[in-house]
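Engineer: My structure file my_file.tsv, TSV, C-alpha atoms and all ligand atoms, is below:
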```tsv
chain	number	residue	atom	x	y	z
A	162	MET	CA	102.34	156.64	128.40
A	163	LYS	CA	103.46	153.01	128.23
A	164	THR	CA	107.05	152.12	128.97
A	165	PRO	CA	109.11	150.71	126.07
A	166	ILE	CA	108.93	147.27	127.73
A	167	LYS	CA	105.13	147.36	127.85
A	168	GLN	CA	105.09	148.47	124.21
A	169	ILE	CA	107.22	145.44	123.27
A	170	CYS	CA	104.82	143.18	125.20
A	171	ASP	CA	101.87	144.76	123.34
A	172	LYS	CA	103.65	144.08	120.06
A	173	ALA	CA	104.07	140.40	120.94
A	174	LEU	CA	100.49	140.15	122.24
A	175	GLY	CA	99.35	141.64	118.93
A	176	GLY	CA	101.01	138.75	117.09
A	177	ALA	CA	104.05	140.59	115.65
A	178	LEU	CA	107.56	139.12	115.65
A	179	LEU	CA	109.99	140.81	118.03
A	180	SER	CA	113.41	141.93	116.80
A	181	ALA	CA	116.63	140.69	118.38
A	182	ASN	CA	117.04	144.06	120.13
A	183	GLU	CA	113.54	143.89	121.54
A	184	ILE	CA	114.12	140.35	122.83
A	185	ARG	CA	117.41	141.49	124.37
A	186	GLY	CA	115.58	144.39	126.04
A	187	LEU	CA	113.11	141.98	127.64
A	188	PHE	CA	115.81	139.58	128.83
A	189	ALA	CA	117.71	142.50	130.40
A	190	ILE	CA	114.87	143.38	132.80
A	191	PRO	CA	115.51	142.24	136.41
A	192	PRO	CA	113.37	139.15	137.20
A	193	LEU	CA	111.35	140.41	140.15
A	194	SER	CA	110.75	143.96	138.88
A	195	GLU	CA	107.39	145.50	137.98
A	196	GLU	CA	108.24	145.20	134.27
A	197	SER	CA	109.19	141.54	134.65
A	198	CYS	CA	105.79	140.92	136.26
A	199	HIS	CA	104.22	142.54	133.20
A	200	ILE	CA	106.29	140.34	130.85
A	201	GLN	CA	105.24	137.23	132.78
A	202	TRP	CA	101.59	138.33	132.75
A	203	ALA	CA	101.78	138.82	128.95
A	204	SER	CA	103.30	135.36	128.48
A	205	ARG	CA	100.69	133.75	130.71
A	206	SER	CA	97.87	135.47	128.83
A	207	ILE	CA	99.18	134.01	125.53
A	208	SER	CA	99.20	130.55	127.15
A	209	GLU	CA	95.69	130.92	128.50
A	210	LYS	CA	94.38	131.95	125.09
A	211	ALA	CA	96.13	128.93	123.54
A	212	GLY	CA	94.16	126.49	125.70
A	213	LEU	CA	95.03	123.87	128.28
A	214	ALA	CA	98.39	122.94	129.77
A	215	GLU	CA	99.97	119.60	128.88
A	216	ILE	CA	102.07	117.07	130.76
A	217	HIS	CA	104.27	114.74	128.76
A	218	GLY	CA	106.02	111.70	130.17
A	219	GLN	CA	109.59	110.69	129.32
A	220	VAL	CA	111.29	107.34	129.86
A	221	GLY	CA	115.08	107.23	129.55
A	222	VAL	CA	115.77	103.78	128.13
A	223	ASN	CA	119.53	103.53	128.56
A	224	THR	CA	122.61	104.98	130.14
A	225	ALA	CA	126.19	105.20	128.93
A	226	ALA	CA	129.46	107.00	129.30
A	227	CYS	CA	128.51	109.19	126.36
A	228	PRO	CA	131.45	110.43	124.24
A	229	CYS	CA	129.59	113.60	123.21
A	230	ASN	CA	130.49	114.89	126.67
A	231	CYS	CA	127.85	117.56	127.10
A	232	ARG	CA	129.08	118.95	130.39
A	233	PHE	CA	125.57	119.53	131.75
A	234	CYS	CA	124.57	115.87	131.32
A	235	SER	CA	125.05	113.09	133.86
A	236	PHE	CA	125.61	110.64	130.97
A	237	ALA	CA	128.68	112.55	129.74
A	238	ALA	CA	131.76	110.33	130.04
A	239	ALA	CA	133.69	113.28	131.48
A	240	ASN	CA	131.28	113.61	134.40
A	241	LEU	CA	132.10	110.08	135.64
A	242	ILE	CA	128.55	109.40	136.92
A	243	PHE	CA	127.41	106.54	134.67
A	244	LYS	CA	130.47	104.54	133.65
A	245	GLU	CA	128.91	101.58	131.86
A	246	ASN	CA	126.56	101.13	128.95
A	247	GLN	CA	123.25	99.71	130.13
A	248	VAL	CA	119.85	99.35	128.46
A	249	SER	CA	116.83	98.90	130.73
A	250	ASP	CA	114.77	95.71	130.45
A	251	LEU	CA	112.05	95.99	127.84
A	252	GLU	CA	109.47	94.96	130.45
A	253	TYR	CA	110.48	97.83	132.72
A	254	ILE	CA	110.42	100.36	129.86
A	255	ILE	CA	106.94	99.25	128.76
A	256	GLU	CA	105.69	99.27	132.36
A	257	GLN	CA	106.90	102.85	132.86
A	258	CYS	CA	105.36	104.02	129.56
A	259	LEU	CA	102.03	102.41	130.40
A	260	HIS	CA	102.11	103.89	133.90
A	261	LEU	CA	102.66	107.39	132.47
A	262	GLN	CA	99.89	106.85	129.94
A	263	GLU	CA	97.54	105.62	132.68
A	264	GLN	CA	98.34	108.60	134.90
A	265	GLY	CA	97.32	110.94	132.05
A	266	ALA	CA	100.46	111.81	130.05
A	267	ASN	CA	99.46	113.64	126.86
A	268	ALA	CA	102.49	112.21	125.02
A	269	ILE	CA	105.15	109.59	125.76
A	270	TYR	CA	108.83	110.29	125.01
A	271	LEU	CA	111.52	107.65	124.71
A	272	MET	CA	114.97	109.04	125.38
A	273	ALA	CA	118.33	107.46	124.57
A	274	THR	CA	121.94	108.58	124.86
A	275	ALA	CA	123.76	109.59	121.69
A	276	ASN	CA	125.74	106.37	121.57
A	277	MET	CA	122.84	103.92	121.93
A	278	ASN	CA	122.54	101.51	119.01
A	279	PHE	CA	119.85	103.01	116.80
A	280	ALA	CA	118.41	99.65	115.68
A	281	ASP	CA	118.06	98.58	119.33
A	282	PHE	CA	116.25	101.84	120.06
A	283	LEU	CA	113.86	101.27	117.14
A	284	ASN	CA	113.15	97.73	118.36
A	285	ILE	CA	112.26	99.01	121.83
A	286	ALA	CA	110.09	101.75	120.30
A	287	GLY	CA	108.25	99.21	118.16
A	288	GLU	CA	107.44	97.09	121.23
A	289	VAL	CA	106.30	100.11	123.23
A	290	ARG	CA	104.15	101.31	120.31
A	291	LEU	CA	102.34	97.96	120.26
A	292	LYS	CA	101.47	98.27	123.95
A	293	LEU	CA	100.41	101.94	124.03
A	294	GLN	CA	96.90	102.99	123.06
A	295	PRO	CA	96.77	103.72	119.32
A	296	GLU	CA	95.95	107.39	119.98
A	297	SER	CA	98.92	107.86	122.33
A	298	ILE	CA	101.51	110.16	120.82
A	299	MET	CA	105.10	108.91	120.92
A	300	ILE	CA	108.08	111.30	120.69
A	301	ALA	CA	111.78	110.47	120.31
A	302	ASN	CA	114.51	112.25	122.24
A	303	VAL	CA	117.60	110.82	120.58
A	304	ARG	CA	120.97	111.65	119.02
A	305	ASP	CA	121.42	113.56	115.78
A	306	ILE	CA	119.77	111.77	112.88
A	307	ASP	CA	119.68	111.97	109.11
A	308	TYR	CA	116.61	111.94	106.88
A	309	TYR	CA	116.52	108.13	106.58
A	310	GLU	CA	116.76	107.67	110.34
A	311	GLY	CA	113.93	110.21	110.60
A	312	LEU	CA	111.85	108.03	108.29
A	313	ALA	CA	112.70	105.00	110.45
A	314	LEU	CA	111.50	106.84	113.56
A	315	LYS	CA	108.27	107.71	111.80
A	316	GLU	CA	107.88	104.12	110.67
A	317	ALA	CA	108.37	102.96	114.28
A	318	GLY	CA	105.41	105.09	115.32
A	319	PHE	CA	106.92	108.37	116.48
A	320	ALA	CA	105.01	111.57	115.73
A	321	GLY	CA	107.95	113.86	116.44
A	322	ILE	CA	111.25	114.50	118.13
A	323	TYR	CA	112.54	116.74	120.88
A	324	HIS	CA	115.73	118.45	119.76
A	325	ALA	CA	117.48	121.62	120.88
A	326	ILE	CA	120.52	123.63	119.89
A	327	ARG	CA	121.68	123.95	123.45
A	328	LEU	CA	123.33	126.90	125.18
A	329	GLY	CA	127.06	126.44	124.77
A	330	GLU	CA	126.55	123.95	121.92
A	331	GLY	CA	129.93	123.13	120.40
A	332	GLU	CA	131.76	124.60	123.41
A	333	VAL	CA	130.51	122.60	126.38
A	334	THR	CA	129.39	119.78	124.07
A	335	ARG	CA	131.20	117.89	121.32
A	336	ILE	CA	128.38	118.46	118.86
A	337	SER	CA	128.30	121.37	116.43
A	338	PRO	CA	125.24	123.65	116.30
A	339	ARG	CA	125.13	122.94	112.55
A	340	LYS	CA	124.74	119.21	113.17
A	341	ARG	CA	121.86	119.86	115.56
A	342	LEU	CA	120.14	122.07	112.99
A	343	GLU	CA	120.65	119.48	110.25
A	344	THR	CA	118.84	116.96	112.45
A	345	VAL	CA	115.89	119.33	112.86
A	346	GLN	CA	115.66	119.76	109.08
A	347	ALA	CA	116.03	116.01	108.46
A	348	ALA	CA	113.29	115.23	110.97
A	349	LYS	CA	110.90	117.76	109.48
A	350	LYS	CA	111.58	116.47	105.98
A	351	ALA	CA	110.76	112.96	107.22
A	352	GLY	CA	107.41	114.22	108.49
A	353	LEU	CA	108.28	114.41	112.19
A	354	LYS	CA	107.18	117.36	114.29
A	355	VAL	CA	109.80	119.11	116.40
A	356	GLY	CA	109.59	120.41	119.95
A	357	THR	CA	112.50	122.51	121.20
A	358	CYS	CA	113.55	124.71	124.09
A	359	VAL	CA	116.16	127.31	125.11
A	360	GLU	CA	118.21	125.19	127.49
A	361	PRO	CA	120.04	124.43	129.70
A	362	VAL	CA	120.25	127.99	131.03
A	363	GLY	CA	122.95	128.75	133.58
A	364	PRO	CA	123.96	131.97	135.36
A	365	GLU	CA	127.03	132.21	133.09
A	366	HIS	CA	125.07	132.64	129.87
A	367	SER	CA	125.15	136.08	128.28
A	368	LEU	CA	122.18	138.08	127.05
A	369	ASN	CA	123.53	137.69	123.53
A	370	GLU	CA	123.53	133.91	123.75
A	371	LEU	CA	120.01	133.84	125.17
A	372	VAL	CA	118.84	136.03	122.29
A	373	GLU	CA	120.71	133.94	119.70
A	374	LYS	CA	119.29	130.62	120.95
A	375	THR	CA	115.79	132.10	121.26
A	376	ILE	CA	115.83	133.19	117.63
A	377	ILE	CA	117.20	129.81	116.55
A	378	ALA	CA	114.32	128.16	118.45
A	379	ARG	CA	111.82	130.44	116.71
A	380	GLU	CA	113.27	129.73	113.28
A	381	ILE	CA	112.88	125.97	113.85
A	382	GLU	CA	109.10	126.65	113.81
A	383	PRO	CA	108.58	124.08	116.56
A	384	VAL	CA	105.28	122.78	117.92
A	385	PHE	CA	106.44	124.09	121.30
A	386	SER	CA	109.32	126.08	122.66
A	387	GLY	CA	110.15	127.25	126.17
A	388	SER	CA	113.13	127.46	128.47
A	389	ALA	CA	114.71	125.27	131.13
A	390	ARG	CA	117.55	125.69	133.56
A	391	ARG	CA	120.65	123.57	133.94
A	392	ILE	CA	120.62	121.31	136.96
A	393	SER	CA	124.10	121.06	138.46
A	394	ILE	CA	125.69	117.66	138.03
A	395	PRO	CA	127.95	117.06	141.06
A	396	GLY	CA	131.61	117.19	140.05
A	397	SER	CA	130.94	118.56	136.55
A	398	SER	CA	132.99	121.47	135.26
A	399	LEU	CA	129.81	123.61	135.11
A	400	GLU	CA	128.94	123.09	138.76
A	401	GLN	CA	131.08	126.12	139.69
A	402	TYR	CA	128.57	128.46	138.02
A	403	GLY	CA	125.64	127.36	140.18
A	404	MET	CA	122.05	127.38	139.00
A	405	VAL	CA	119.54	129.97	137.84
A	406	SER	CA	116.69	130.48	140.35
A	407	GLU	CA	113.08	129.55	139.54
A	408	ALA	CA	112.25	133.28	139.83
A	409	SER	CA	114.77	134.10	137.09
A	410	MET	CA	113.63	131.16	134.96
A	411	ALA	CA	110.03	132.41	135.17
A	412	HIS	CA	111.22	135.67	133.61
A	413	ILE	CA	113.35	133.93	130.97
A	414	LEU	CA	110.66	131.48	129.84
A	415	ALA	CA	108.18	134.36	129.62
A	416	VAL	CA	110.53	136.30	127.33
A	417	VAL	CA	111.10	133.21	125.17
A	418	HIS	CA	107.35	132.78	124.88
A	419	LEU	CA	106.79	136.40	123.80
A	420	ALA	CA	109.62	136.06	121.27
A	421	MET	CA	108.15	133.00	119.54
A	422	GLY	CA	105.47	134.87	117.67
A	423	PRO	CA	102.04	133.60	116.67
A	424	GLY	CA	101.58	129.89	116.03
A	425	ILE	CA	103.98	128.62	118.70
A	426	SER	CA	101.71	128.45	121.72
A	427	GLY	CA	103.44	125.63	123.60
A	428	ASN	CA	105.91	126.91	126.20
A	429	CYS	CA	107.69	124.29	128.28
A	430	THR	CA	109.87	124.50	131.31
A	431	HIS	CA	111.83	121.87	133.19
A	432	GLU	CA	111.99	120.90	135.94
A	433	PRO	CA	108.32	121.62	136.69
A	434	ASN	CA	107.69	124.52	139.07
A	435	THR	CA	104.86	126.84	140.08
A	436	PRO	CA	106.49	130.22	139.27
A	437	GLY	CA	107.13	128.91	135.74
A	438	ALA	CA	103.48	127.95	135.23
A	439	ILE	CA	102.32	131.30	136.62
A	440	ALA	CA	104.60	132.97	134.05
A	441	GLY	CA	103.10	131.03	131.15
A	442	ALA	CA	104.76	127.63	131.04
A	443	ASN	CA	102.08	125.28	129.72
A	444	LEU	CA	104.10	122.10	129.28
A	445	PHE	CA	105.86	119.99	131.93
A	446	TRP	CA	107.52	116.59	131.83
A	447	ALA	CA	107.15	113.68	134.19
A	448	GLU	CA	110.16	111.34	134.09
A	449	ALA	CA	111.08	107.70	134.60
A	450	GLY	CA	114.13	105.57	133.87
A	451	PHE	CA	117.48	107.22	133.21
A	452	ASN	CA	117.60	111.01	133.41
A	453	PRO	CA	120.45	113.30	132.26
A	454	ARG	CA	119.88	115.58	135.28
A	455	ASP	CA	119.94	112.75	137.80
A	456	THR	CA	122.73	110.63	139.22
A	457	PHE	CA	120.44	107.73	140.14
A	458	GLU	CA	119.30	105.05	137.71
A	459	LYS	CA	115.55	105.19	138.25
A	460	THR	CA	114.66	108.84	138.33
A	461	GLU	CA	111.04	108.10	139.24
A	462	ALA	CA	112.42	107.27	142.71
A	463	SER	CA	114.71	110.32	142.74
A	464	ARG	CA	114.55	113.68	140.86
A	465	GLY	CA	111.85	112.74	138.38
A	466	PHE	CA	108.33	114.06	138.98
A	467	ASP	CA	105.33	111.86	138.28
A	468	ILE	CA	102.24	113.05	136.40
A	469	LYS	CA	100.32	113.70	139.63
A	470	LYS	CA	103.02	116.02	140.94
A	471	CYS	CA	103.00	117.95	137.64
A	472	GLN	CA	99.19	118.16	137.81
A	473	ASP	CA	99.42	119.50	141.37
A	474	ILE	CA	101.86	122.23	140.28
A	475	PHE	CA	99.57	123.33	137.44
A	476	LYS	CA	96.70	123.34	139.93
A	477	GLU	CA	98.63	125.66	142.25
A	478	ALA	CA	99.21	127.93	139.25
A	479	GLU	CA	95.49	127.77	138.38
A	480	PHE	CA	96.23	126.25	134.98
A	481	PRO	CA	93.80	123.51	133.82
A	482	VAL	CA	95.42	120.47	132.22
A	483	LEU	CA	94.44	118.68	129.00
A	484	GLN	CA	92.97	115.19	129.20
A	485	GLY	CA	93.85	113.01	126.20
A	486	SER	CA	96.44	113.23	123.45
A	487	SER	CA	98.72	116.24	123.01
A	488	VAL	CA	97.24	119.15	121.11
A	489	PHE	CA	100.71	120.67	120.58
A	490	PHE	CA	101.81	117.64	118.57
A	491	ALA	CA	98.48	117.42	116.75
A	492	ARG	CA	98.94	120.87	115.22
A	493	ASP	CA	100.26	121.25	111.66
A	501	LIG	S1	123.12	115.25	126.28
A	501	LIG	FE1	122.95	113.45	124.93
A	501	LIG	S2	124.72	113.67	123.55
A	501	LIG	FE2	125.14	114.97	125.32
A	501	LIG	S3	126.33	113.70	126.75
A	501	LIG	FE3	124.14	113.51	127.33
A	501	LIG	S4	123.47	111.68	126.21
A	501	LIG	FE4	125.39	112.32	125.27
```
Starting from the file, give its structure as C-alpha cells.
Structural biologist:
Amino acid sequence: MKTPIKQICDKALGGALLSANEIRGLFAIPPLSEESCHIQWASRSISEKAGLAEIHGQVGVNTAACPCNCRFCSFAAANLIFKENQVSDLEYIIEQCLHLQEQGANAIYLMATANMNFADFLNIAGEVRLKLQPESIMIANVRDIDYYEGLALKEAGFAGIYHAIRLGEGEVTRISPRKRLETVQAAKKAGLKVGTCVEPVGPEHSLNELVEKTIIAREIEPVFSGSARRISIPGSSLEQYGMVSEASMAHILAVVHLAMGPGISGNCTHEPNTPGAIAGANLFWAEAGFNPRDTFEKTEASRGFDIKKCQDIFKEAEFPVLQGSSVFFARD
C-alpha cells in the first residue's frame, strides 16, 4: 500500500494538477526523510523526461538605491549597500554578454533595478542585441511594465521576461502583488514569454505562503518555474531569520516542480547547487555585473558563478546540459 505522499507524487507524475492541500502536504514533509527523497526522485524524473538542463547567463547593467526597498535585495535603499545610481559602461556590458554566450549560455538576461531609466535600458539592449548571435535568446529582468513597454522590449529583441510575485510581496517590498501580476499579463499580451520562480524563500515563510506563491506561479503558465532561497544581505532587516539550507531547498524546489503540472518542465533554482540538481532543478544562472544578492559591484569576481561552474555542478548531479539556444524559451 502506497503512502498518501507517494500517491500524490504518482498523481503529479501522471500529469494531473495537485490541489492546494496536496501541495501543502508535500511541503510539510521533513526535507531529509524517506518521503522527501521520494518527492525529489519524482521531480528529477520529470526533469529527465523533459530533456536537457539549461544554463542562462544574467548581466546586471546598473545599480541604485532602489526606492522599492525589497528587503532581500542589496539594491534596496534601506539596505544601505549601493548608495548611488550607476550604469555600467556599454563596452563592459557587451563584453560580459558575449563572454556568457561564448561559454555556452542558452539565454542571456539583462537585469536592471526598478528605477533605471527605461529608455536607457532599451538603448543598451539594442546595442547588445546587435552584438549577440541572431539565434541567441535575450530575456529582460526589469521593473513592472505595461503593455506598451512590453511591446518595446519585444521590439528591442527580447523573447521574454523573468518576473516573480515574491514571497512577502507587498510586505517586505513596496510593490503590490497585483502590480506584479499585471506586469505578467502585460508581457504575455505583448508576446513575451514569462519565466518565474517561488522566491526568495526564507526560514520564516509559512507553509500557506509557499502554497499560495506556488499556485500563483502555476497560474502564470510560465515557460519555467522553480524555487530559490533568499541570500542574507548583511545588515538587512531579514538577516535575523537566517537562510534555508540547500537540503531544504532541494525538497522545496521538488515540491514546486510536482505542483506545476504538465507543460511546465523547466525548474530553476538559484544559487546553483548539486542537491538542487539532484532533486530536479534543470535551470541555473551564471551571473555578471551587478547582482541583488551581492554587495560587490562585479559579481563575476564575487558571488556570481560562471557557466563552467554551473556546468560542473550539473555534471556532479549527472544531468547533461543543452548546447545552443534555450528550449524552455522556444516552447509555445
Ligand atoms: S528587487 Fe528590484 S525593485 Fe526590489 S529593491 Fe531590488 S532592484 Fe528594486
Engineer: Which is closest to ligand LIG 501 (chain A) among A:Cys471, A:Leu314, A:Ile207, A:Met277, if we use all atoms listed in the file?
Structural biologist: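 Between A:Cys471, A:Leu314, A:Ile207, A:Met277, the residue approaching ligand LIG 501 (chain A) most closely is A:Met277.
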Engineer: Give me, as a list in words, all polymer residues having an atom no more than 7 Å from region 427-436 of chain A, counting only C-alpha atoms and skipping those fewer than 5 positions away in the same chain.
Structural biologist: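 Everything that qualifies: Val384, Phe385, Ser386, Gly387, Ser388, Ala389, Arg390, Glu407, Ala408, Ala411, His418, Ala442, Asn443, Leu444, Phe445, Trp446, Cys471, Ile474, Phe475, Glu477, Ala478 and Phe489 of chain A.
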Engineer: Determine, for each residue of chain A having at least one atom at most 9 Å from an atom of ligand LIG 501 (chain A), the closest pair of atoms and their separation in Å to one decimal, counting all atoms listed in the file; order by chain and ascending number, as JSON lines.
Structural biologist:
```
{"residue": "A:Thr224", "atom": "CA", "partner": "A:LIG501", "partner_atom": "S4", "distance": 7.8}
{"residue": "A:Ala225", "atom": "CA", "partner": "A:LIG501", "partner_atom": "S4", "distance": 7.5}
{"residue": "A:Ala226", "atom": "CA", "partner": "A:LIG501", "partner_atom": "FE4", "distance": 7.8}
{"residue": "A:Cys227", "atom": "CA", "partner": "A:LIG501", "partner_atom": "FE4", "distance": 4.6}
{"residue": "A:Pro228", "atom": "CA", "partner": "A:LIG501", "partner_atom": "FE4", "distance": 6.4}
{"residue": "A:Cys229", "atom": "CA", "partner": "A:LIG501", "partner_atom": "S3", "distance": 4.8}
{"residue": "A:Asn230", "atom": "CA", "partner": "A:LIG501", "partner_atom": "S3", "distance": 4.3}
{"residue": "A:Cys231", "atom": "CA", "partner": "A:LIG501", "partner_atom": "FE2", "distance": 4.1}
{"residue": "A:Arg232", "atom": "CA", "partner": "A:LIG501", "partner_atom": "S3", "distance": 7.0}
{"residue": "A:Phe233", "atom": "CA", "partner": "A:LIG501", "partner_atom": "S1", "distance": 7.4}
{"residue": "A:Cys234", "atom": "CA", "partner": "A:LIG501", "partner_atom": "FE3", "distance": 4.7}
{"residue": "A:Ser235", "atom": "CA", "partner": "A:LIG501", "partner_atom": "FE3", "distance": 6.6}
{"residue": "A:Phe236", "atom": "CA", "partner": "A:LIG501", "partner_atom": "FE3", "distance": 4.9}
{"residue": "A:Ala237", "atom": "CA", "partner": "A:LIG501", "partner_atom": "S3", "distance": 4.0}
{"residue": "A:Ala238", "atom": "CA", "partner": "A:LIG501", "partner_atom": "S3", "distance": 7.2}
{"residue": "A:Ala239", "atom": "CA", "partner": "A:LIG501", "partner_atom": "S3", "distance": 8.8}
{"residue": "A:Met272", "atom": "CA", "partner": "A:LIG501", "partner_atom": "S4", "distance": 8.9}
{"residue": "A:Ala273", "atom": "CA", "partner": "A:LIG501", "partner_atom": "S4", "distance": 6.8}
{"residue": "A:Thr274", "atom": "CA", "partner": "A:LIG501", "partner_atom": "S4", "distance": 3.7}
{"residue": "A:Ala275", "atom": "CA", "partner": "A:LIG501", "partner_atom": "S2", "distance": 4.6}
{"residue": "A:Asn276", "atom": "CA", "partner": "A:LIG501", "partner_atom": "FE4", "distance": 7.0}
{"residue": "A:Met277", "atom": "CA", "partner": "A:LIG501", "partner_atom": "S4", "distance": 8.9}
{"residue": "A:Asn302", "atom": "CA", "partner": "A:LIG501", "partner_atom": "FE1", "distance": 8.9}
{"residue": "A:Val303", "atom": "CA", "partner": "A:LIG501", "partner_atom": "FE1", "distance": 7.4}
{"residue": "A:Arg304", "atom": "CA", "partner": "A:LIG501", "partner_atom": "S2", "distance": 6.2}
{"residue": "A:Asp305", "atom": "CA", "partner": "A:LIG501", "partner_atom": "S2", "distance": 8.4}
{"residue": "A:Thr334", "atom": "CA", "partner": "A:LIG501", "partner_atom": "FE2", "distance": 6.5}
{"residue": "A:Arg335", "atom": "CA", "partner": "A:LIG501", "partner_atom": "FE2", "distance": 7.8}
{"residue": "A:Ile336", "atom": "CA", "partner": "A:LIG501", "partner_atom": "S2", "distance": 7.6}
{"residue": "A:Pro453", "atom": "CA", "partner": "A:LIG501", "partner_atom": "FE3", "distance": 6.2}
```
Engineer: So that all listed atoms of region 470-476 of chain A fit with 6 Å spare on each side, what axis-aligned box centre and edge lengths in Å, to one decimal, would you give as JSON?
Structural biologist:
```
{"center_x": 99.9, "center_y": 119.7, "center_z": 139.4, "size_x": 18.3, "size_y": 19.3, "size_z": 15.9}
```
Engineer: So that I can check the surroundings of Pro338 (chain A), please list as a compact mmCIF listing (two decimals) with C-alpha atoms, keeping the file's coordinate frame every protein, DNA and RNA residue that reaches within 10 Å of it, counting only C-alpha atoms and ignoring chain neighbours fewer than 2 positions away.
Structural biologist:
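Writing done, so here's around07.txt:
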```txt
# COMPACT_ATOMS: atom_id res chain seq x y z
CA ALA A 325 117.48 121.62 120.88
CA ILE A 326 120.52 123.63 119.89
CA ARG A 327 121.68 123.95 123.45
CA LEU A 328 123.33 126.90 125.18
CA GLY A 329 127.06 126.44 124.77
CA GLU A 330 126.55 123.95 121.92
CA GLY A 331 129.93 123.13 120.40
CA GLU A 332 131.76 124.60 123.41
CA THR A 334 129.39 119.78 124.07
CA ARG A 335 131.20 117.89 121.32
CA ILE A 336 128.38 118.46 118.86
CA LYS A 340 124.74 119.21 113.17
CA ARG A 341 121.86 119.86 115.56
CA LEU A 342 120.14 122.07 112.99
CA GLU A 343 120.65 119.48 110.25
```
Engineer: As a list in words, please: the residues near region 192-202 of chain A (cut-off 10 Å, all atoms listed in the file, same-chain neighbours under 6 positions excluded).
Structural biologist: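 Near neighbours after the sequence-gap exclusion: Thr164, Pro165, Ile166, Lys167, Ile169, Cys170, Asp171, Ser208, Ser406, Glu407, Ala408, Ser409, Met410, Ala411, His412, Ile413, Leu414, Ala415, Val416, His418, Leu419, Pro436, Gly437, Ala438, Ile439, Ala440, Gly441 and Ala442 of chain A.
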Engineer: For a test of reading the model, state the distance in Å between CA of Ser487 (chain A) and CA of Gln264 (chain A), rounded to one decimal.
Structural biologist: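 Computing it gives 14.1 Å between the two atoms.
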Engineer: Just how far from CA of Val333 (chain A) is CA of Ser180 (chain A), in Å to one decimal?
Structural biologist: 27.5 Å
